[in-house]
4 protein chains.
Amino acid sequence: MKEVAYEVRVEFGDCDPARIVWFPNFFRWIDAASRHFFIACGVPTWTETERTLGVIGTPLVDTHARFVKTATYGDVLQLHTSIAEWRNKSFVQRYRVMRGDDLLMECEEVRIFAGRRDDGSIFAMPPPPSIRALCE
Amino acid sequence: MKEVAYEVRVEFGDCDPARIVWFPNFFRWIDAASRHFFIACGVPTWTETERTLGVIGTPLVDTHARFVKTATYGDVLQLHTSIAEWRNKSFVQRYRVMRGDDLLMECEEVRIFAGRRDDGSIFAMPPPPSIRALCE
Amino acid sequence: MKEVAYEVRVEFGDCDPARIVWFPNFFRWIDAASRHFFIACGVPTWTETERTLGVIGTPLVDTHARFVKTATYGDVLQLHTSIAEWRNKSFVQRYRVMRGDDLLMECEEVRIFAGRRDDGSIFAMPPPPSIRALCE
Amino acid sequence: MKEVAYEVRVEFGDCDPARIVWFPNFFRWIDAASRHFFIACGVPTWTETERTLGVIGTPLVDTHARFVKTATYGDVLQLHTSIAEWRNKSFVQRYRVMRGDDLLMECEEVRIFAGRRDDGSIFAMPPPPSIRALCE
């Protein structure tokens, strides 16, 4: 199972009046880490996969996060990302947000490989084998 | 069980290159809806409860969200908020994000009533009966 | 000269560790107020003007803001928006951000009416007379 | 005159439906670059300067930005930051946002060194000589 790290500096403006990271910012970083996982595994950009495989991206359908410790500005965080499970028409992407050895947050998402119909609506495709091979 | 509605206009800048709401913005609105629930129930501001009850706020410890339909700019959303469960040292706050009759997203959070120790660290208090009475 | 008001509630998450609005959020609201100005004046959406006039939006080329007083969560702000000047290939949009009678911030922007060339690049068009007539 | 570079990766969620960086995000990065300039010059954190010099931070009072070229996700930007002018009770901080050799945006801000009065209000202090010496 491949694991990819994505580093984030926590800035002043990421923190709230309690002087800790305002939690929606964790999801901002997780979304960036999700895309970086595929890039780091060698998957082409979604612009290119749209042309070659019909995949326009990996929209989120479900997310579950557990907040363990807080962070504040000046901290440097590592988001460790992997794919925990492949399903017929979706996959589970997992994140551990660390500050060195400290676990701050864990998150598990269900995402789909999305194609687009002629009417503009999107649908879930089976994970393309060529993408799956790069990520395992 | 009290339910409070909080209305949001989706703006251009809330949307991503796929022309739909970028999902971390849903958590931004949910956090606002959480605070508004207490205000609408008659709970004083956390600044005041810090003085009277030692409660400095309701930090998030766990969140689980399911994304059903997308939204885009121009949409007006209603976030329906309630407290689904009271526990010994936490509570479950529930949100349904609607666009009229359409359910877009559901979210269930575990939050705590937080006090602050002398060393600055925070701890979970039992839900204060006076606050609970206002919210039920 | 038409002036349109756009109302904003300041939320906890809009504020920084100094407990005041983190300034980039003012620009978030100003961008929303810009679009609302045109909507309130009766200008169709940019999706529609793209079809009828070739106008895909009003990107920003210059902004100048002066911060007078701070705001914090719980505050309700009014953004008063107008067009201060029409130029050959641009226009000046002006904002006063008020909390009741208190001026918090002033901003003056230069924006263009943008068209899109076949190669995807954008260019500045003269302000379409039909749009100008609605906004004066 | 010292110049400090701060690097930013543009992410999918930083971009709007026009597929370019939504402009308030530039101000998010500029605020981070402002703080990093002082850190890189060896100025202690504001938490420490509050104790030693009474300086609680450098709030913004005026900003003027010019947008030259757009950016999109996948781009890596360099923010080059310097102090262009020292005034009696304020200073001018200047930013050039580059993508390699391409200038994307320029910004000039007036900020103050802020102290806090007993009633919680803030005031502009003369730039502390010890800080100025580190930044020149």
# chains A, B, ... in the order shown; residues from 1 in each chain; ligands from 1

call {"tool": "interface_residues", "arguments": {"of": "chain D", "to": "chain C", "cutoff": "7 Å", "atoms": "only C-alpha atoms", "output": "MDAnalysis selection string"}}
result
chainID D and resid 24 27:28 61:68

call {"tool": "write_last_selection", "arguments": {"atoms": "C-alpha atoms", "output": "PDB file, in the first residue's frame"}}
result
ATOM      1  CA  PRO D  24      -8.936  36.807  -2.032  1.00  0.00           C
ATOM      2  CA  PHE D  27      -4.307  38.158   0.151  1.00  0.00           C
ATOM      3  CA  ARG D  28      -4.286  34.984   2.250  1.00  0.00           C
ATOM      4  CA  VAL D  61      -4.284  49.720   7.493  1.00  0.00           C
ATOM      5  CA  ASP D  62      -4.052  50.098   3.710  1.00  0.00           C
ATOM      6  CA  THR D  63      -3.404  47.795   0.784  1.00  0.00           C
ATOM      7  CA  HIS D  64      -3.071  48.384  -2.935  1.00  0.00           C
ATOM      8  CA  ALA D  65      -2.735  45.478  -5.360  1.00  0.00           C
ATOM      9  CA  ARG D  66      -2.387  45.198  -9.115  1.00  0.00           C
ATOM     10  CA  PHE D  67      -3.277  41.929 -10.840  1.00  0.00           C
ATOM     11  CA  VAL D  68      -1.198  41.274 -13.958  1.00  0.00           C
TER      12      VAL D  68
END

call {"tool": "select_by_dssp", "arguments": {"residues": "segment 3-52 of chain A", "states": "helix (DSSP H, G or I)", "output": "ChimeraX atom specification"}}
result
/A:12-14,24-41,46-52

call {"tool": "write_last_selection", "arguments": {"atoms": "N, CA and C atoms", "output": "CSV table (one decimal), in the first residue's frame"}}
result
chain,number,residue,atom,x,y,z
A,12,PHE,N,-1.1,32.0,10.6
A,12,PHE,CA,-1.9,32.8,11.5
A,12,PHE,C,-3.4,32.8,11.1
A,13,GLY,N,-3.6,33.1,9.8
A,13,GLY,CA,-5.0,33.2,9.3
A,13,GLY,C,-5.7,31.9,9.3
A,14,ASP,N,-5.0,30.8,9.5
A,14,ASP,CA,-5.7,29.4,9.6
A,14,ASP,C,-6.3,29.2,11.0
A,24,PRO,N,-12.4,23.7,9.6
A,24,PRO,CA,-12.6,23.5,8.1
A,24,PRO,C,-11.3,23.6,7.4
A,25,ASN,N,-10.3,24.3,7.9
A,25,ASN,CA,-9.0,24.3,7.2
A,25,ASN,C,-8.3,22.9,7.1
A,26,PHE,N,-8.6,22.0,8.1
A,26,PHE,CA,-8.1,20.7,7.9
A,26,PHE,C,-8.6,20.0,6.7
A,27,PHE,N,-9.9,20.3,6.4
A,27,PHE,CA,-10.5,19.7,5.2
A,27,PHE,C,-9.9,20.3,3.9
A,28,ARG,N,-9.6,21.6,4.0
A,28,ARG,CA,-8.9,22.3,2.9
A,28,ARG,C,-7.6,21.5,2.6
A,29,TRP,N,-6.8,21.2,3.6
A,29,TRP,CA,-5.5,20.6,3.4
A,29,TRP,C,-5.7,19.1,3.0
A,30,ILE,N,-6.7,18.4,3.5
A,30,ILE,CA,-7.0,17.1,3.1
A,30,ILE,C,-7.3,17.0,1.6
A,31,ASP,N,-8.1,17.9,1.1
A,31,ASP,CA,-8.4,17.9,-0.3
A,31,ASP,C,-7.2,18.1,-1.2
A,32,ALA,N,-6.3,18.9,-0.7
A,32,ALA,CA,-5.0,19.1,-1.4
A,32,ALA,C,-4.2,17.8,-1.4
A,33,ALA,N,-4.2,17.2,-0.2
A,33,ALA,CA,-3.4,15.9,0.0
A,33,ALA,C,-4.0,14.8,-0.9
A,34,SER,N,-5.3,14.8,-1.1
A,34,SER,CA,-5.9,13.8,-1.9
A,34,SER,C,-5.4,13.9,-3.4
A,35,ARG,N,-5.4,15.1,-3.9
A,35,ARG,CA,-4.9,15.3,-5.3
A,35,ARG,C,-3.5,15.0,-5.4
A,36,HIS,N,-2.7,15.4,-4.4
A,36,HIS,CA,-1.2,15.2,-4.4
A,36,HIS,C,-0.9,13.7,-4.4
A,37,PHE,N,-1.7,12.9,-3.7
A,37,PHE,CA,-1.5,11.5,-3.6
A,37,PHE,C,-1.4,10.9,-5.1
A,38,PHE,N,-2.5,11.3,-5.9
A,38,PHE,CA,-2.5,10.7,-7.2
A,38,PHE,C,-1.3,11.3,-8.1
A,39,ILE,N,-1.0,12.5,-7.9
A,39,ILE,CA,0.1,13.1,-8.7
A,39,ILE,C,1.4,12.4,-8.3
A,40,ALA,N,1.6,12.2,-7.0
A,40,ALA,CA,2.8,11.5,-6.5
A,40,ALA,C,2.9,10.1,-7.0
A,41,CYS,N,1.7,9.4,-7.2
A,41,CYS,CA,1.7,8.0,-7.7
A,41,CYS,C,1.9,8.0,-9.2
A,46,TRP,N,-6.3,15.3,-13.9
A,46,TRP,CA,-7.7,15.0,-14.3
A,46,TRP,C,-8.0,15.6,-15.7
A,47,THR,N,-7.4,16.7,-16.1
A,47,THR,CA,-7.6,17.2,-17.4
A,47,THR,C,-7.2,16.2,-18.5
A,48,GLU,N,-6.1,15.5,-18.2
A,48,GLU,CA,-5.6,14.5,-19.2
A,48,GLU,C,-6.5,13.2,-19.1
A,49,THR,N,-6.8,12.8,-17.8
A,49,THR,CA,-7.6,11.5,-17.7
A,49,THR,C,-9.0,11.7,-18.3
A,50,GLU,N,-9.5,13.0,-18.3
A,50,GLU,CA,-10.8,13.2,-18.9
A,50,GLU,C,-10.7,12.8,-20.4
A,51,ARG,N,-9.6,13.1,-21.0
A,51,ARG,CA,-9.5,12.8,-22.4
A,51,ARG,C,-9.2,11.3,-22.7
A,52,THR,N,-8.4,10.7,-21.8
A,52,THR,CA,-8.0,9.3,-22.0
A,52,THR,C,-8.9,8.3,-21.4

call {"tool": "select_by_dssp", "arguments": {"residues": "chain B", "states": "strand (DSSP E)", "output": "ChimeraX atom specification"}}
result
/B:3-9,60-67,76-86,91-99,102-111,113-116,122-125

call {"tool": "atom_distance", "arguments": {"atom1": "atom CA of Arg116 of chain A", "atom2": "atom CA of Arg19 of chain B"}}
result
13.4 Å

call {"tool": "residues_around", "arguments": {"residues": "Val97 of chain D", "least_positions_apart": "6", "cutoff": "8 Å", "atoms": "only C-alpha atoms", "output": "MDAnalysis selection string"}}
result
chainID D and resid 77:80 103:106

call {"tool": "residues_around", "arguments": {"residues": "segment 82-87 of chain B", "least_positions_apart": "2", "cutoff": "9 Å", "atoms": "only C-alpha atoms", "output": "compact mmCIF listing (two decimals) with all heavy atoms, in the first residue's frame"}}
result
# COMPACT_ATOMS: atom_id res chain seq x y z
N MET B 1 -37.55 18.23 20.61
CA MET B 1 -36.21 18.53 20.12
C MET B 1 -36.23 19.79 19.27
O MET B 1 -36.92 19.86 18.27
CB MET B 1 -35.69 17.35 19.27
CG MET B 1 -34.23 17.45 18.95
SD MET B 1 -33.70 16.12 17.81
CE MET B 1 -34.45 16.65 16.26
N LYS B 2 -35.47 20.79 19.69
CA LYS B 2 -35.46 22.05 18.93
C LYS B 2 -34.67 21.89 17.64
O LYS B 2 -33.64 21.21 17.61
CB LYS B 2 -34.83 23.15 19.77
CG LYS B 2 -35.82 23.76 20.75
CD LYS B 2 -35.28 25.00 21.42
CE LYS B 2 -36.26 25.44 22.51
NZ LYS B 2 -35.63 26.30 23.50
N GLU B 3 -35.15 22.55 16.59
CA GLU B 3 -34.40 22.61 15.34
C GLU B 3 -34.33 24.07 14.91
O GLU B 3 -35.34 24.78 14.94
CB GLU B 3 -35.10 21.77 14.27
CG GLU B 3 -34.22 21.57 13.06
CD GLU B 3 -34.85 20.68 12.02
OE1 GLU B 3 -35.66 21.19 11.21
OE2 GLU B 3 -34.53 19.49 11.99
N VAL B 4 -33.16 24.50 14.53
CA VAL B 4 -32.94 25.90 14.16
C VAL B 4 -32.43 25.93 12.73
O VAL B 4 -31.57 25.13 12.36
CB VAL B 4 -31.93 26.55 15.11
CG1 VAL B 4 -31.48 27.92 14.61
CG2 VAL B 4 -32.51 26.66 16.52
N SER B 34 -23.69 25.79 13.90
CA SER B 34 -23.57 25.26 15.25
C SER B 34 -23.69 26.38 16.28
O SER B 34 -24.47 26.30 17.24
CB SER B 34 -22.23 24.54 15.42
OG SER B 34 -22.03 24.16 16.76
N PHE B 37 -27.18 27.92 16.42
CA PHE B 37 -28.15 27.09 17.13
C PHE B 37 -28.23 27.52 18.60
O PHE B 37 -29.32 27.74 19.14
CB PHE B 37 -27.76 25.61 17.03
CG PHE B 37 -28.64 24.71 17.86
CD1 PHE B 37 -29.85 24.25 17.37
CD2 PHE B 37 -28.25 24.34 19.15
CE1 PHE B 37 -30.67 23.44 18.15
CE2 PHE B 37 -29.07 23.54 19.93
CZ PHE B 37 -30.28 23.08 19.43
N HIS B 80 -30.44 22.96 8.71
CA HIS B 80 -31.33 22.65 9.83
C HIS B 80 -30.52 21.94 10.91
O HIS B 80 -30.00 20.85 10.67
CB HIS B 80 -32.49 21.78 9.36
CG HIS B 80 -33.33 22.46 8.33
ND1 HIS B 80 -34.32 23.36 8.65
CD2 HIS B 80 -33.31 22.40 6.98
CE1 HIS B 80 -34.89 23.82 7.54
NE2 HIS B 80 -34.29 23.24 6.50
N LYS B 89 -20.23 13.48 28.72
CA LYS B 89 -19.23 14.54 28.58
C LYS B 89 -19.15 15.06 27.15
O LYS B 89 -18.11 15.59 26.73
CB LYS B 89 -17.85 14.02 29.02
CG LYS B 89 -17.78 13.68 30.50
CD LYS B 89 -16.46 14.14 31.07
CE LYS B 89 -16.43 14.07 32.57
NZ LYS B 89 -15.09 14.36 33.10
N SER B 90 -20.22 14.86 26.38
CA SER B 90 -20.23 15.37 25.00
C SER B 90 -21.69 15.44 24.54
O SER B 90 -22.61 15.11 25.29
CB SER B 90 -19.41 14.47 24.09
OG SER B 90 -19.99 13.18 24.02
N PHE B 91 -21.87 15.88 23.30
CA PHE B 91 -23.21 15.86 22.70
C PHE B 91 -23.06 15.69 21.20
O PHE B 91 -21.99 15.92 20.63
CB PHE B 91 -24.00 17.12 23.06
CG PHE B 91 -23.40 18.40 22.54
CD1 PHE B 91 -23.87 19.00 21.38
CD2 PHE B 91 -22.33 19.02 23.21
CE1 PHE B 91 -23.30 20.17 20.89
CE2 PHE B 91 -21.76 20.19 22.73
CZ PHE B 91 -22.24 20.77 21.57
N VAL B 92 -24.16 15.25 20.57
CA VAL B 92 -24.16 15.03 19.13
C VAL B 92 -25.01 16.12 18.48
O VAL B 92 -26.19 16.27 18.81
CB VAL B 92 -24.74 13.64 18.78
CG1 VAL B 92 -24.81 13.46 17.26
CG2 VAL B 92 -23.90 12.54 19.42
N GLN B 93 -24.37 16.90 17.59
CA GLN B 93 -25.10 17.95 16.89
C GLN B 93 -25.31 17.49 15.45
O GLN B 93 -24.39 16.96 14.82
CB GLN B 93 -24.32 19.28 16.97
CG GLN B 93 -25.20 20.51 16.75
CD GLN B 93 -24.56 21.81 17.23
OE1 GLN B 93 -23.37 21.88 17.48
NE2 GLN B 93 -25.37 22.85 17.37
N ARG B 94 -26.55 17.65 14.97
CA ARG B 94 -26.90 17.10 13.66
C ARG B 94 -27.33 18.22 12.70
O ARG B 94 -28.01 19.16 13.12
CB ARG B 94 -28.04 16.10 13.82
CG ARG B 94 -28.46 15.43 12.52
CD ARG B 94 -29.53 14.39 12.76
NE ARG B 94 -29.02 13.22 13.48
CZ ARG B 94 -29.77 12.33 14.12
NH1 ARG B 94 -31.08 12.47 14.15
NH2 ARG B 94 -29.22 11.30 14.73
N TYR B 95 -26.96 18.10 11.44
CA TYR B 95 -27.25 19.11 10.42
C TYR B 95 -27.81 18.43 9.18
O TYR B 95 -27.29 17.41 8.74
CB TYR B 95 -25.96 19.83 10.00
CG TYR B 95 -25.15 20.32 11.15
CD1 TYR B 95 -24.24 19.48 11.80
CD2 TYR B 95 -25.30 21.62 11.62
CE1 TYR B 95 -23.50 19.92 12.87
CE2 TYR B 95 -24.55 22.07 12.71
CZ TYR B 95 -23.66 21.21 13.33
OH TYR B 95 -22.94 21.65 14.41
N GLU B 108 -23.15 14.74 11.11
CA GLU B 108 -23.34 14.49 12.54
C GLU B 108 -22.00 14.67 13.22
O GLU B 108 -21.00 14.06 12.83
CB GLU B 108 -23.85 13.06 12.73
CG GLU B 108 -24.86 12.97 13.86
CD GLU B 108 -25.54 11.62 13.90
OE1 GLU B 108 -24.89 10.64 14.29
OE2 GLU B 108 -26.73 11.55 13.54
N PRO B 126 -19.25 18.01 31.77
CA PRO B 126 -20.62 17.54 31.53
C PRO B 126 -21.46 18.70 30.98
O PRO B 126 -21.27 19.85 31.39
CB PRO B 126 -21.12 17.14 32.93
CG PRO B 126 -19.87 16.98 33.76
CD PRO B 126 -18.87 17.93 33.19
N PRO B 127 -22.36 18.44 30.04
CA PRO B 127 -23.21 19.52 29.51
C PRO B 127 -23.91 20.24 30.65
O PRO B 127 -24.62 19.61 31.44
CB PRO B 127 -24.21 18.78 28.61
CG PRO B 127 -23.48 17.55 28.17
CD PRO B 127 -22.62 17.16 29.35
N ARG B 132 -28.45 22.86 28.60
CA ARG B 132 -29.25 21.76 28.05
C ARG B 132 -30.74 22.10 28.07
O ARG B 132 -31.46 21.81 27.10
CB ARG B 132 -28.95 20.50 28.89
CG ARG B 132 -29.61 19.29 28.33
CD ARG B 132 -29.11 18.01 28.95
NE ARG B 132 -30.07 16.95 28.63
CZ ARG B 132 -29.89 15.67 28.89
NH1 ARG B 132 -28.77 15.27 29.48
NH2 ARG B 132 -30.79 14.78 28.55
N CYS B 135 -31.85 24.12 25.14
CA CYS B 135 -31.68 23.53 23.80
C CYS B 135 -32.62 22.36 23.53
O CYS B 135 -32.65 21.83 22.41
CB CYS B 135 -30.24 23.07 23.60
SG CYS B 135 -29.06 24.40 23.74
N GLU B 136 -33.36 21.93 24.55
CA GLU B 136 -34.20 20.74 24.35
C GLU B 136 -35.61 21.10 23.89
O GLU B 136 -36.10 22.17 24.15
CB GLU B 136 -34.25 19.92 25.64
CG GLU B 136 -33.02 19.03 25.78
CD GLU B 136 -33.04 18.22 27.07
OE1 GLU B 136 -33.61 18.69 28.08
OE2 GLU B 136 -32.47 17.11 27.08

call {"tool": "atom_distance", "arguments": {"atom1": "atom CA of Gly115 of chain D", "atom2": "atom CA of Leu53 of chain D"}}
result
8.7 Å

call {"tool": "residues_around", "arguments": {"residues": "Ile20 of chain B", "least_positions_apart": "3", "cutoff": "10 Å", "atoms": "only C-alpha atoms", "output": "ChimeraX atom specification"}}
result
/B:10,12,14-17,23,69-73 /D:16-17

call {"tool": "residues_around", "arguments": {"residues": "Asp75 of chain C", "least_positions_apart": "5", "cutoff": "10 Å", "atoms": "only C-alpha atoms", "output": "number ranges by chain"}}
result
C: 8-11, 99-100

call {"tool": "write_last_selection", "arguments": {"atoms": "N, CA, C and O atoms", "output": "tab-separated table (two decimals), in the first residue's frame"}}
result
chain	number	residue	atom	x	y	z
C	8	VAL	N	-23.74	41.06	5.55
C	8	VAL	CA	-22.88	39.95	5.94
C	8	VAL	C	-22.90	39.78	7.45
C	8	VAL	O	-22.81	40.76	8.19
C	9	ARG	N	-23.03	38.55	7.92
C	9	ARG	CA	-22.86	38.25	9.35
C	9	ARG	C	-21.42	37.79	9.55
C	9	ARG	O	-20.98	36.86	8.87
C	10	VAL	N	-20.74	38.38	10.48
C	10	VAL	CA	-19.37	37.93	10.77
C	10	VAL	C	-19.45	36.71	11.68
C	10	VAL	O	-20.11	36.73	12.71
C	11	GLU	N	-18.77	35.63	11.25
C	11	GLU	CA	-18.79	34.39	12.03
C	11	GLU	C	-17.47	34.19	12.78
C	11	GLU	O	-16.45	34.78	12.42
C	99	ARG	N	-20.77	49.14	9.75
C	99	ARG	CA	-21.48	48.42	10.82
C	99	ARG	C	-22.40	49.46	11.41
C	99	ARG	O	-21.98	50.26	12.25
C	100	GLY	N	-23.64	49.50	10.91
C	100	GLY	CA	-24.53	50.60	11.25
C	100	GLY	C	-23.94	51.91	10.73
C	100	GLY	O	-23.70	52.04	9.53

call {"tool": "atom_distance", "arguments": {"atom1": "atom CA of Gly42 of chain C", "atom2": "atom CA of Val21 of chain B"}}
result
24.5 Å
